[in-house]
file final21.cif (mmCIF, C-alpha atoms)
data_data
#
loop_
_atom_site.label_atom_id
_atom_site.label_comp_id
_atom_site.auth_asym_id
_atom_site.auth_seq_id
_atom_site.Cartn_x
_atom_site.Cartn_y
_atom_site.Cartn_z
CA MET A 1 0.00 0.00 0.00
CA ASP A 2 1.36 3.39 -0.96
CA ARG A 3 1.37 6.14 1.65
CA PRO A 4 1.27 9.42 -0.25
CA TRP A 5 0.89 11.55 2.90
CA LEU A 6 4.15 10.23 4.27
CA ARG A 7 5.79 10.96 0.92
CA VAL A 8 4.49 14.55 1.11
CA GLN A 9 5.68 14.91 4.71
CA GLU A 10 9.10 13.61 3.75
CA ALA A 11 9.37 16.02 0.80
CA VAL A 12 8.25 19.04 2.86
CA SER A 13 10.50 18.25 5.80
CA GLN A 14 13.47 17.59 3.56
CA ALA A 15 12.88 20.84 1.66
CA LEU A 16 13.00 22.78 4.92
CA ILE A 17 15.76 20.76 6.54
CA PHE A 18 18.29 23.60 6.66
CA PHE A 19 15.84 25.75 8.59
CA THR A 20 14.67 22.93 10.83
CA TYR A 21 18.12 21.61 11.62
CA ALA A 22 19.59 25.07 12.20
CA ALA A 23 16.75 25.91 14.59
CA LEU A 24 17.24 22.60 16.40
CA ALA A 25 21.00 22.99 16.70
CA ALA A 26 20.69 26.61 17.85
CA TRP A 27 18.12 25.70 20.47
CA MET A 28 20.30 22.87 21.75
CA ARG A 29 23.59 24.72 21.74
CA PHE A 30 22.56 28.23 22.72
CA GLY A 31 19.08 27.94 24.16
CA LYS A 32 19.72 24.94 26.40
CA ARG A 33 23.53 25.05 26.27
CA TYR A 34 23.69 21.29 25.77
CA ARG A 35 26.93 19.67 24.77
CA VAL A 36 27.44 16.22 23.33
CA GLU A 37 30.60 14.73 24.76
CA ASP A 38 33.12 14.10 22.01
CA LEU A 39 30.65 15.13 19.31
CA GLN A 40 32.96 14.62 16.34
CA ARG A 41 33.83 11.11 17.46
CA VAL A 42 30.14 10.29 17.90
CA ARG A 43 29.34 11.53 14.40
CA GLY A 44 32.27 9.70 12.85
CA GLU A 45 31.28 6.52 14.63
CA PHE A 46 27.71 6.83 13.40
CA MET A 47 28.84 7.22 9.80
CA ALA A 48 31.14 4.23 10.13
CA LEU A 49 28.56 2.02 11.82
CA ALA A 50 25.46 2.83 9.81
CA GLY A 51 25.43 6.22 8.16
CA ARG A 52 27.39 5.55 4.98
CA GLU A 53 25.57 2.52 3.70
CA ARG A 54 22.21 2.44 2.04
CA GLY A 55 19.27 0.44 3.28
CA PRO A 56 16.79 0.59 6.13
CA LEU A 57 18.01 1.59 9.56
CA LEU A 58 16.34 1.26 12.93
CA ILE A 59 17.93 3.40 15.62
CA CYS A 60 16.97 1.94 19.00
CA ALA A 61 17.68 4.10 22.03
CA ASN A 62 17.07 4.24 25.76
CA HIS A 63 14.65 6.93 26.84
CA LEU A 64 14.86 9.35 29.75
CA THR A 65 13.75 12.75 28.42
CA LEU A 66 11.09 14.04 26.06
CA ILE A 67 13.67 15.33 23.61
CA ASP A 68 15.89 12.26 23.28
CA SER A 69 15.06 11.91 19.59
CA LEU A 70 16.05 15.56 18.99
CA VAL A 71 19.31 15.08 20.86
CA LEU A 72 19.98 11.95 18.81
CA GLN A 73 19.38 13.71 15.53
CA TRP A 74 21.70 16.53 16.50
CA ALA A 75 24.36 14.22 17.90
CA LEU A 76 24.52 11.69 15.08
CA ALA A 77 24.86 13.88 12.02
CA PRO A 78 25.52 17.53 11.18
CA GLY A 79 23.02 19.56 9.16
CA TRP A 80 24.94 19.49 5.91
CA ARG A 81 25.03 15.70 5.93
CA VAL A 82 21.36 15.43 6.78
CA ALA A 83 20.50 17.85 3.98
CA GLY A 84 22.41 15.74 1.50
CA ARG A 85 21.08 12.34 2.54
CA ARG A 86 17.50 12.08 3.68
CA ARG A 87 18.17 8.69 5.27
CA LEU A 88 20.22 10.51 7.90
CA PHE A 89 17.19 12.52 8.95
CA ALA A 90 15.34 9.87 10.92
CA TRP A 91 11.61 9.46 11.39
CA ASN A 92 10.28 9.54 14.95
CA LEU A 93 7.28 7.96 16.65
CA PRO A 94 6.24 10.28 19.51
CA ASP A 95 3.17 9.77 21.65
CA HIS A 96 0.39 11.72 19.92
CA ARG A 97 -0.39 13.52 23.20
CA ASN A 98 3.05 15.14 23.17
CA LEU A 99 2.22 16.94 19.93
CA ALA A 100 -1.48 17.58 20.44
CA SER A 101 -1.39 20.40 22.98
CA ARG A 102 -0.06 23.25 20.78
CA TRP A 103 -0.40 23.86 17.06
CA TRP A 104 3.27 24.78 16.75
CA TRP A 105 4.25 21.46 18.26
CA ARG A 106 2.27 19.76 15.53
CA VAL A 107 4.07 21.86 12.89
CA ILE A 108 7.48 21.11 14.43
CA GLY A 109 6.55 17.45 14.65
CA TYR A 110 5.50 17.38 11.01
CA LEU A 111 8.72 19.03 9.87
CA GLY A 112 10.70 16.79 12.21
CA LYS A 113 9.36 13.68 10.46
CA CYS A 114 7.26 12.63 13.42
CA ILE A 115 4.49 10.10 13.08
CA PRO A 116 2.29 10.45 16.17
CA VAL A 117 1.37 7.10 17.70
CA VAL A 118 -1.16 6.02 20.30
CA ARG A 119 0.63 4.35 23.19
CA ASN A 120 -1.20 1.35 24.62
CA GLY A 121 -3.63 1.63 21.77
CA THR A 122 -5.80 -1.01 20.19
CA PRO A 123 -4.25 -3.90 18.27
CA GLU A 124 -5.45 -2.22 15.07
CA GLN A 125 -3.61 1.00 15.96
CA ALA A 126 -0.47 -0.97 16.81
CA ARG A 127 -0.67 -2.83 13.49
CA GLU A 128 -1.15 0.41 11.57
CA MET A 129 1.94 1.90 13.24
CA ILE A 130 4.02 -1.17 12.42
CA ASP A 131 2.80 -1.09 8.81
CA LYS A 132 3.79 2.58 8.49
CA VAL A 133 7.26 1.97 9.89
CA ALA A 134 7.74 -1.09 7.71
CA TRP A 135 6.73 0.98 4.70
CA LEU A 136 9.33 3.62 5.56
CA LEU A 137 12.02 1.00 6.11
CA ALA A 138 11.18 -0.66 2.81
CA ARG A 139 12.09 2.70 1.25
CA ASP A 140 15.51 2.66 2.93
CA GLN A 141 14.58 5.27 5.51
CA SER A 142 15.78 5.42 9.09
CA VAL A 143 13.49 5.41 12.12
CA VAL A 144 14.21 6.16 15.76
CA ILE A 145 12.40 3.95 18.23
CA PHE A 146 12.47 3.65 22.00
CA PRO A 147 11.95 -0.04 22.84
CA GLU A 148 10.96 0.81 26.40
CA GLY A 149 7.83 2.38 24.95
CA GLY A 150 8.18 5.52 27.02
CA ARG A 151 10.54 7.29 29.35
CA SER A 152 11.99 4.92 31.93
CA ARG A 153 10.54 5.57 35.38
CA ILE A 154 13.43 3.90 37.19
CA GLY A 155 16.22 6.02 35.76
CA ARG A 156 17.77 3.00 34.05
CA VAL A 157 16.91 0.86 31.07
CA ASP A 158 13.69 -0.77 32.20
CA ARG A 159 13.42 -4.33 30.89
CA ASP A 160 10.03 -4.76 32.55
CA ARG A 161 8.42 -2.06 30.42
CA VAL A 162 9.74 -3.24 27.10
CA THR A 163 7.16 -3.40 24.37
CA TYR A 164 7.75 -5.93 21.65
CA GLY A 165 6.75 -3.57 18.85
CA VAL A 166 10.38 -3.17 17.85
CA GLY A 167 10.55 -6.93 17.30
CA ARG A 168 7.39 -6.88 15.21
CA ILE A 169 8.87 -4.09 13.12
CA LEU A 170 11.99 -6.15 12.45
CA GLN A 171 9.83 -9.11 11.49
CA ALA A 172 7.89 -6.86 9.10
CA ALA A 173 11.05 -5.33 7.65
CA PRO A 174 13.71 -8.05 7.44
CA GLY A 175 17.19 -6.91 6.58
CA THR A 176 16.89 -3.72 8.58
CA ALA A 177 20.12 -2.62 10.21
CA VAL A 178 19.82 -2.07 13.95
CA LEU A 179 21.86 0.56 15.72
CA CYS A 180 21.55 0.64 19.50
CA VAL A 181 22.24 4.07 20.92
CA PHE A 182 22.67 4.80 24.59
CA LEU A 183 22.40 8.45 25.55
CA ARG A 184 22.36 10.05 28.94
CA GLY A 185 23.22 13.37 30.47
CA ARG A 186 26.11 13.23 32.91
CA GLY A 187 23.84 14.78 35.53
CA GLN A 188 20.67 12.90 34.62
CA LYS A 189 19.41 10.91 37.62
CA VAL A 190 15.85 9.99 36.67
CA HIS A 191 13.50 10.74 33.80
CA SER A 192 12.59 14.35 33.06
CA ASP A 193 11.00 16.46 30.32
CA TYR A 194 14.36 17.96 29.33
CA PRO A 195 17.97 17.43 30.29
CA ALA A 196 19.17 20.14 32.69
CA ILE A 197 20.39 23.41 31.17
CA GLY A 198 24.05 23.12 30.29
CA GLU A 199 23.96 19.32 30.43
CA THR A 200 26.77 17.27 28.89
CA ILE A 201 25.26 14.33 27.08
CA VAL A 202 27.08 11.06 26.51
CA VAL A 203 26.19 9.11 23.34
CA ARG A 204 27.37 5.57 22.69
CA GLN A 205 26.51 3.33 19.77
CA LYS A 206 26.61 -0.33 18.89
CA ARG A 207 25.45 -2.06 15.75
CA ILE A 208 23.80 -5.42 16.33
CA THR A 209 22.02 -8.07 14.30
CA PRO A 210 19.18 -9.53 16.34
CA VAL A 211 18.27 -13.05 15.27
CA THR A 212 15.72 -15.60 16.34
CA ALA A 213 14.48 -18.96 15.17
CA ALA A 214 11.08 -18.26 16.70
CA GLU A 215 8.19 -16.74 14.78
CA GLY A 216 5.20 -14.63 15.69
CA MET A 217 4.96 -13.03 19.11
CA ARG A 218 7.69 -15.23 20.56
CA GLY A 219 10.05 -14.15 17.81
CA ALA A 220 9.13 -10.49 18.32
CA ARG A 221 9.88 -10.83 22.01
CA ASP A 222 13.25 -12.48 21.31
CA LEU A 223 14.28 -9.71 18.95
CA ALA A 224 13.12 -6.92 21.26
CA MET A 225 14.87 -8.42 24.27
CA GLN A 226 18.17 -8.67 22.37
CA ILE A 227 17.96 -4.96 21.60
CA VAL A 228 17.07 -4.01 25.14
CA GLY A 229 19.77 -6.32 26.43
CA CYS A 230 22.28 -4.45 24.30
CA LEU A 231 21.08 -1.08 25.63
CA SER A 232 21.24 -2.41 29.15
CA GLU A 233 24.84 -3.59 28.67
CA MET A 234 25.80 -0.22 27.23
CA GLU A 235 24.26 1.42 30.27
CA ASP A 236 26.17 -0.87 32.63
CA ARG A 237 29.39 0.05 30.85
CA PHE A 238 28.51 3.74 31.14
CA PHE A 239 28.09 3.44 34.89
CA ASP A 240 31.22 1.29 35.22
CA ASP A 241 33.22 3.93 33.36
CA ALA A 242 31.73 6.65 35.53
CA GLY A 243 32.58 4.67 38.66
CA VAL A 244 28.97 4.66 39.83
CA ASP A 245 27.49 1.70 41.71
CA ARG A 246 24.66 0.02 39.84
CA MET B 1 -10.59 -29.32 30.69
CA ASP B 2 -13.67 -27.38 31.73
CA SER B 3 -13.99 -23.62 31.80
CA ALA B 4 -13.67 -23.40 35.59
CA ALA B 5 -10.30 -25.18 35.49
CA ALA B 6 -9.16 -23.04 32.57
CA PHE B 7 -10.26 -19.89 34.41
CA GLU B 8 -8.24 -20.90 37.44
CA LYS B 9 -5.12 -21.49 35.36
CA VAL B 10 -5.63 -18.25 33.43
CA THR B 11 -5.86 -16.19 36.61
CA ALA B 12 -2.77 -17.91 38.01
CA ILE B 13 -0.83 -16.96 34.88
CA ILE B 14 -2.06 -13.38 34.89
CA LYS B 15 -1.58 -12.78 38.63
CA PRO B 16 2.09 -11.67 38.49
CA PHE B 17 1.19 -8.95 35.97
CA VAL B 18 -1.80 -7.55 37.86
CA LYS B 19 -1.58 -4.02 39.25
CA ASN B 20 -5.08 -3.81 40.73
CA ALA B 21 -5.18 -6.47 43.43
CA GLU B 22 -8.70 -5.57 44.56
CA ALA B 23 -10.14 -6.09 41.10
CA PHE B 24 -8.21 -9.33 40.81
CA LYS B 25 -9.75 -10.71 43.99
CA ALA B 26 -13.21 -10.13 42.55
CA ALA B 27 -12.31 -11.28 39.04
CA THR B 28 -14.99 -12.81 36.84
CA PRO B 29 -14.95 -13.87 33.19
CA ALA B 30 -16.14 -10.34 32.34
CA THR B 31 -13.13 -8.70 34.02
CA ARG B 32 -11.06 -6.76 31.49
CA ILE B 33 -7.39 -7.61 31.62
CA ILE B 34 -5.95 -4.19 30.85
CA GLU B 35 -8.62 -1.76 32.00
CA ASP B 36 -9.79 -3.54 35.18
CA LEU B 37 -6.73 -5.47 36.32
CA GLY B 38 -4.23 -2.79 35.30
CA VAL B 39 -2.06 -5.17 33.33
CA ASN B 40 0.39 -3.26 31.14
CA SER B 41 -0.66 -3.84 27.53
CA ALA B 42 2.96 -4.63 26.62
CA ARG B 43 2.81 -7.59 28.99
CA LEU B 44 -0.17 -9.11 27.20
CA VAL B 45 2.29 -10.76 24.84
CA ASP B 46 4.05 -12.41 27.79
CA ILE B 47 0.69 -13.62 29.06
CA ILE B 48 -0.32 -15.05 25.68
CA LEU B 49 3.04 -16.81 25.35
CA ALA B 50 2.57 -18.23 28.85
CA PHE B 51 -0.83 -19.57 27.71
CA GLU B 52 0.92 -21.25 24.79
CA ASP B 53 3.42 -22.90 27.10
CA GLU B 54 0.91 -23.92 29.75
CA PHE B 55 -1.78 -25.29 27.44
CA GLY B 56 0.38 -26.50 24.55
CA ILE B 57 -1.42 -24.33 22.01
CA ALA B 58 -0.34 -21.88 19.32
CA VAL B 59 -1.94 -18.45 19.39
CA ASP B 60 -1.82 -16.34 16.24
CA ASP B 61 -1.83 -12.54 16.30
CA GLU B 62 -5.48 -12.31 15.32
CA SER B 63 -6.63 -14.55 18.17
CA ALA B 64 -4.38 -12.72 20.61
CA ASP B 65 -5.81 -9.37 19.57
CA LYS B 66 -9.31 -10.56 20.49
CA VAL B 67 -8.42 -11.34 24.09
CA ARG B 68 -9.76 -8.45 26.15
CA THR B 69 -11.32 -10.19 29.18
CA LEU B 70 -10.50 -13.21 31.29
CA GLY B 71 -13.49 -14.90 29.68
CA ASP B 72 -12.09 -14.22 26.20
CA ALA B 73 -8.84 -15.87 27.26
CA VAL B 74 -10.65 -18.91 28.65
CA GLN B 75 -12.79 -19.28 25.52
CA MET B 76 -9.78 -18.99 23.24
CA ILE B 77 -7.88 -21.61 25.24
CA LEU B 78 -10.82 -24.02 25.30
CA GLN B 79 -11.31 -23.66 21.54
CA LYS B 80 -7.65 -24.22 20.78
CA THR B 81 -7.18 -27.15 23.15
CA ALA B 82 -10.34 -28.76 21.76
CA ALA B 83 -9.10 -28.27 18.21
CA ALA B 84 -5.74 -29.77 19.11
CA SER B 85 -7.18 -32.90 20.75
#

call {"tool": "encode", "arguments": {"input": "final21.cif", "output": "structure tokens"}}
result
Amino acid sequence: MDRPWLRVQEAVSQALIFFTYAALAAWMRFGKRYRVEDLQRVRGEFMALAGRERGPLLICANHLTLIDSLVLQWALAPGWRVAGRRRLFAWNLPDHRNLASRWWWRVIGYLGKCIPVVRNGTPEQAREMIDKVAWLLARDQSVVIFPEGGRSRIGRVDRDRVTYGVGRILQAAPGTAVLCVFLRGRGQKVHSDYPAIGETIVVRQKRITPVTAAEGMRGARDLAMQIVGCLSEMEDRFFDDAGVDR
Amino acid sequence: MDSAAAFEKVTAIIKPFVKNAEAFKAATPATRIIEDLGVNSARLVDIILAFEDEFGIAVDDESADKVRTLGDAVQMILQKTAAAS
């Protein structure tokens, strides 16, 4: 099934990418004074791990603040690269309530390649979301997804809240590259709407290939748990490096 | 297996995922798993897979999507175990 409205959204957002990305970067750097630790290394690593090749890409990240997907976009690729290769400007799947309250949020979401989703929705809504993402991936796009389904309420990667939608997406779009990304502000203790002003954000990446012999829901769970397991290991390493007790 | 035995096993499987203990104590076949018992919808998959393991059945996505109440779960299990025997 073709999805002309997503094609239109992609064309509009790509046409305005210089404006959108510049506004995003300015807000991050000067408005919030955020800093990504070792930004050039992070961007180089992203290009080496997944950015240069063609093909579908699923970016799976842990989730502690409302703007994690914005931070990711800013951290992984500079504006000039994103303008040149639309695959580097990833689609996002925010909760529809996060965009519904203000008209300008809806505009920003549209330009930011957001597809609002209904969390804990009906099976039909879940299937429609998976179909949309699979359609995007079949067109060699990249999509950011948070396997925990929402911001972690325990301040760490929360295996108990994992939804298996990410596994169903991989089943629907075989051959998709999976990049696990762990991001966290140095001062971030628990979940919040935004990282603190002036926060230094650590970004780490690992490319994995989840596999399972199981099919259906069991297979989806296997795939999802491998991704969350990877994020959890990256988090453990982060805390080990920081010398913090787990 | 009769429906009372299936109901007992279903509630035993669901119990660890229940957030509303009061509603669980008064559970009937009409009790809704997500809305009434407070089970996280993401955990429904774990529950369905536990049904598969416990009853030796295979549950497809379409059947799983129709399970909203404890009674739905019992009916689905009875149908599938009957079909398998």

call {"tool": "resolve_selection", "arguments": {"input": "final21.cif", "expression": "the PyMOL selection byres ((chain A) within 12 of (chain B))", "output": "JSON list (two decimals) with C-alpha atoms, in the coordinates of the input"}}
result
[["chain", "number", "residue", "atom", "x", "y", "z"],
["A", 119, "ARG", "CA", 0.63, 4.35, 23.19],
["A", 120, "ASN", "CA", -1.20, 1.35, 24.62],
["A", 121, "GLY", "CA", -3.63, 1.63, 21.77],
["A", 122, "THR", "CA", -5.80, -1.01, 20.19],
["A", 123, "PRO", "CA", -4.25, -3.90, 18.27],
["A", 124, "GLU", "CA", -5.45, -2.22, 15.07],
["A", 125, "GLN", "CA", -3.61, 1.00, 15.96],
["A", 126, "ALA", "CA", -0.47, -0.97, 16.81],
["A", 127, "ARG", "CA", -0.67, -2.83, 13.49],
["A", 147, "PRO", "CA", 11.95, -0.04, 22.84],
["A", 148, "GLU", "CA", 10.96, 0.81, 26.40],
["A", 149, "GLY", "CA", 7.83, 2.38, 24.95],
["A", 150, "GLY", "CA", 8.18, 5.52, 27.02],
["A", 159, "ARG", "CA", 13.42, -4.33, 30.89],
["A", 160, "ASP", "CA", 10.03, -4.76, 32.55],
["A", 161, "ARG", "CA", 8.42, -2.06, 30.42],
["A", 162, "VAL", "CA", 9.74, -3.24, 27.10],
["A", 163, "THR", "CA", 7.16, -3.40, 24.37],
["A", 164, "TYR", "CA", 7.75, -5.93, 21.65],
["A", 165, "GLY", "CA", 6.75, -3.57, 18.85],
["A", 166, "VAL", "CA", 10.38, -3.17, 17.85],
["A", 167, "GLY", "CA", 10.55, -6.93, 17.30],
["A", 168, "ARG", "CA", 7.39, -6.88, 15.21],
["A", 214, "ALA", "CA", 11.08, -18.26, 16.70],
["A", 215, "GLU", "CA", 8.19, -16.74, 14.78],
["A", 216, "GLY", "CA", 5.20, -14.63, 15.69],
["A", 217, "MET", "CA", 4.96, -13.03, 19.11],
["A", 218, "ARG", "CA", 7.69, -15.23, 20.56],
["A", 219, "GLY", "CA", 10.05, -14.15, 17.81],
["A", 220, "ALA", "CA", 9.13, -10.49, 18.32],
["A", 221, "ARG", "CA", 9.88, -10.83, 22.01],
["A", 222, "ASP", "CA", 13.25, -12.48, 21.31],
["A", 224, "ALA", "CA", 13.12, -6.92, 21.26]]

call {"tool": "atom_distance", "arguments": {"input": "final21.cif", "atom1": "atom CA of A:Gly51", "atom2": "atom CA of A:Arg87"}}
result
8.2 Å

call {"tool": "resolve_selection", "arguments": {"input": "final21.cif", "expression": "the PyMOL selection byres ((chain B and resi 56) around 12)", "output": "ChimeraX atom specification"}}
result
/B:48-55,57-59,77-78,80-85

call {"tool": "atom_distance", "arguments": {"input": "final21.cif", "atom1": "atom CA of B:Met76", "atom2": "atom CA of B:Ala26"}}
result
21.5 Å

call {"tool": "resolve_selection", "arguments": {"input": "final21.cif", "expression": "the PyMOL selection byres ((chain A and resi 141) around 10)", "output": "list in words"}}
result
Arg54, Gly55, Pro56, Leu57, Leu58, Arg86, Arg87, Leu88, Phe89, Ala90, Trp91, Val133, Ala134, Trp135, Leu136, Leu137, Ala138, Arg139, Asp140, Ser142, Val143 and Thr176 of chain A

call {"tool": "residues_around", "arguments": {"input": "final21.cif", "residues": "A:Pro116", "least_positions_apart": "3", "cutoff": "6 Å", "atoms": "only C-alpha atoms", "output": "PDB file with C-alpha atoms, keeping the file's coordinate frame"}}
result
ATOM      1  CA  LEU A  93       7.280   7.960  16.650  1.00  0.00           C
ATOM      2  CA  PRO A  94       6.240  10.280  19.510  1.00  0.00           C
ATOM      3  CA  ASP A  95       3.170   9.770  21.650  1.00  0.00           C
ATOM      4  CA  HIS A  96       0.390  11.720  19.920  1.00  0.00           C
TER       5      HIS A  96
END

call {"tool": "closest_residue", "arguments": {"input": "final21.cif", "among": "A:Val211, A:Ile108, A:Val117, A:Ala196", "to": "A:Phe19", "atoms": "all atoms listed in the file"}}
result
A:Ile108

call {"tool": "residues_around", "arguments": {"input": "final21.cif", "residues": "A:Asp38", "least_positions_apart": "4", "cutoff": "10 Å", "atoms": "all atoms listed in the file", "output": "NGL selection string"}}
result
:A and (42-43 or 75 or 200-203)

call {"tool": "residues_around", "arguments": {"input": "final21.cif", "residues": "A:Asn92", "least_positions_apart": "6", "cutoff": "7 Å", "atoms": "only C-alpha atoms", "output": "PyMOL selection string"}}
result
chain A and resi 113-115+143-145

call {"tool": "write_last_selection", "arguments": {"input": "final21.cif", "atoms": "C-alpha atoms", "output": "PDB file, keeping the file's coordinate frame"}}
result
ATOM      1  CA  LYS A 113       9.360  13.680  10.460  1.00  0.00           C
ATOM      2  CA  CYS A 114       7.260  12.630  13.420  1.00  0.00           C
ATOM      3  CA  ILE A 115       4.490  10.100  13.080  1.00  0.00           C
ATOM      4  CA  VAL A 143      13.490   5.410  12.120  1.00  0.00           C
ATOM      5  CA  VAL A 144      14.210   6.160  15.760  1.00  0.00           C
ATOM      6  CA  ILE A 145      12.400   3.950  18.230  1.00  0.00           C
TER       7      ILE A 145
END

call {"tool": "atom_distance", "arguments": {"input": "final21.cif", "atom1": "atom CA of B:Ala23", "atom2": "atom CA of B:Gln79"}}
result
26.3 Å

call {"tool": "residues_around", "arguments": {"input": "final21.cif", "residues": "B:Ile14", "least_positions_apart": "2", "cutoff": "12 Å", "atoms": "all atoms listed in the file", "output": "PyMOL selection string"}}
result
chain B and resi 7-12+16-21+24+27+32-34+37-40+43-51+69-70+73-74

call {"tool": "residues_near_point", "arguments": {"input": "final21.cif", "point": "(21.1, 0.6, 23.6)", "cutoff": "12 Å", "atoms": "all atoms listed in the file", "output": "ChimeraX atom specification"}}
result
/A:58-63,144-148,156-159,178-184,203-208,224-238

call {"tool": "axis_aligned_box", "arguments": {"input": "final21.cif", "around": "stretch 77-85 of chain B", "padding_each_side": "3 Å", "output": "lines of an AutoDock Vina configuration file"}}
result
center_x = -8.5
center_y = -27.3
center_z = 21.8
size_x = 11.6
size_y = 17.3
size_z = 13.1

call {"tool": "residues_around", "arguments": {"input": "final21.cif", "residues": "A:Ala83", "least_positions_apart": "2", "cutoff": "9 Å", "atoms": "all atoms listed in the file", "output": "VMD selection string"}}
result
chain A and resid 14 to 15 17 to 18 21 78 to 81 85 to 86 88 to 89

call {"tool": "build_atoms", "arguments": {"input": "final21.cif", "residues": "stretch 59-79 of chain B", "atoms": "N, CA and C atoms", "output": "compact mmCIF listing (two decimals), in the coordinates of the input"}}
result
# COMPACT_ATOMS: atom_id res chain seq x y z
N VAL B 59 -1.00 -19.58 19.49
CA VAL B 59 -1.94 -18.45 19.39
C VAL B 59 -1.43 -17.48 18.33
N ASP B 60 -2.21 -17.29 17.30
CA ASP B 60 -1.82 -16.34 16.24
C ASP B 60 -2.17 -14.91 16.67
N ASP B 61 -1.62 -13.95 15.94
CA ASP B 61 -1.83 -12.54 16.30
C ASP B 61 -3.30 -12.17 16.36
N GLU B 62 -4.05 -12.69 15.39
CA GLU B 62 -5.48 -12.31 15.32
C GLU B 62 -6.24 -12.78 16.55
N SER B 63 -5.97 -14.02 16.96
CA SER B 63 -6.63 -14.55 18.17
C SER B 63 -6.19 -13.76 19.40
N ALA B 64 -4.90 -13.46 19.45
CA ALA B 64 -4.38 -12.72 20.61
C ALA B 64 -5.03 -11.34 20.71
N ASP B 65 -5.22 -10.72 19.57
CA ASP B 65 -5.81 -9.37 19.57
C ASP B 65 -7.23 -9.36 20.11
N LYS B 66 -7.91 -10.51 20.04
CA LYS B 66 -9.31 -10.56 20.49
C LYS B 66 -9.45 -10.78 21.99
N VAL B 67 -8.35 -11.07 22.65
CA VAL B 67 -8.42 -11.34 24.09
C VAL B 67 -8.45 -10.02 24.85
N ARG B 68 -9.61 -9.69 25.37
CA ARG B 68 -9.76 -8.45 26.15
C ARG B 68 -10.11 -8.76 27.62
N THR B 69 -10.88 -9.84 27.82
CA THR B 69 -11.32 -10.19 29.18
C THR B 69 -10.78 -11.56 29.56
N LEU B 70 -10.92 -11.87 30.84
CA LEU B 70 -10.50 -13.21 31.29
C LEU B 70 -11.34 -14.28 30.59
N GLY B 71 -12.61 -13.96 30.38
CA GLY B 71 -13.49 -14.90 29.68
C GLY B 71 -13.04 -15.13 28.24
N ASP B 72 -12.60 -14.06 27.58
CA ASP B 72 -12.09 -14.22 26.20
C ASP B 72 -10.91 -15.18 26.19
N ALA B 73 -10.04 -15.01 27.20
CA ALA B 73 -8.84 -15.87 27.26
C ALA B 73 -9.25 -17.33 27.46
N VAL B 74 -10.20 -17.54 28.37
CA VAL B 74 -10.65 -18.91 28.65
C VAL B 74 -11.27 -19.52 27.39
N GLN B 75 -12.13 -18.76 26.73
CA GLN B 75 -12.79 -19.28 25.52
C GLN B 75 -11.77 -19.64 24.44
N MET B 76 -10.80 -18.74 24.26
CA MET B 76 -9.78 -18.99 23.24
C MET B 76 -9.01 -20.29 23.58
N ILE B 77 -8.65 -20.43 24.82
CA ILE B 77 -7.88 -21.61 25.24
C ILE B 77 -8.71 -22.89 25.05
N LEU B 78 -9.97 -22.83 25.45
CA LEU B 78 -10.82 -24.02 25.30
C LEU B 78 -10.97 -24.40 23.83
N GLN B 79 -11.16 -23.39 22.98
CA GLN B 79 -11.31 -23.66 21.54
C GLN B 79 -10.04 -24.30 20.97
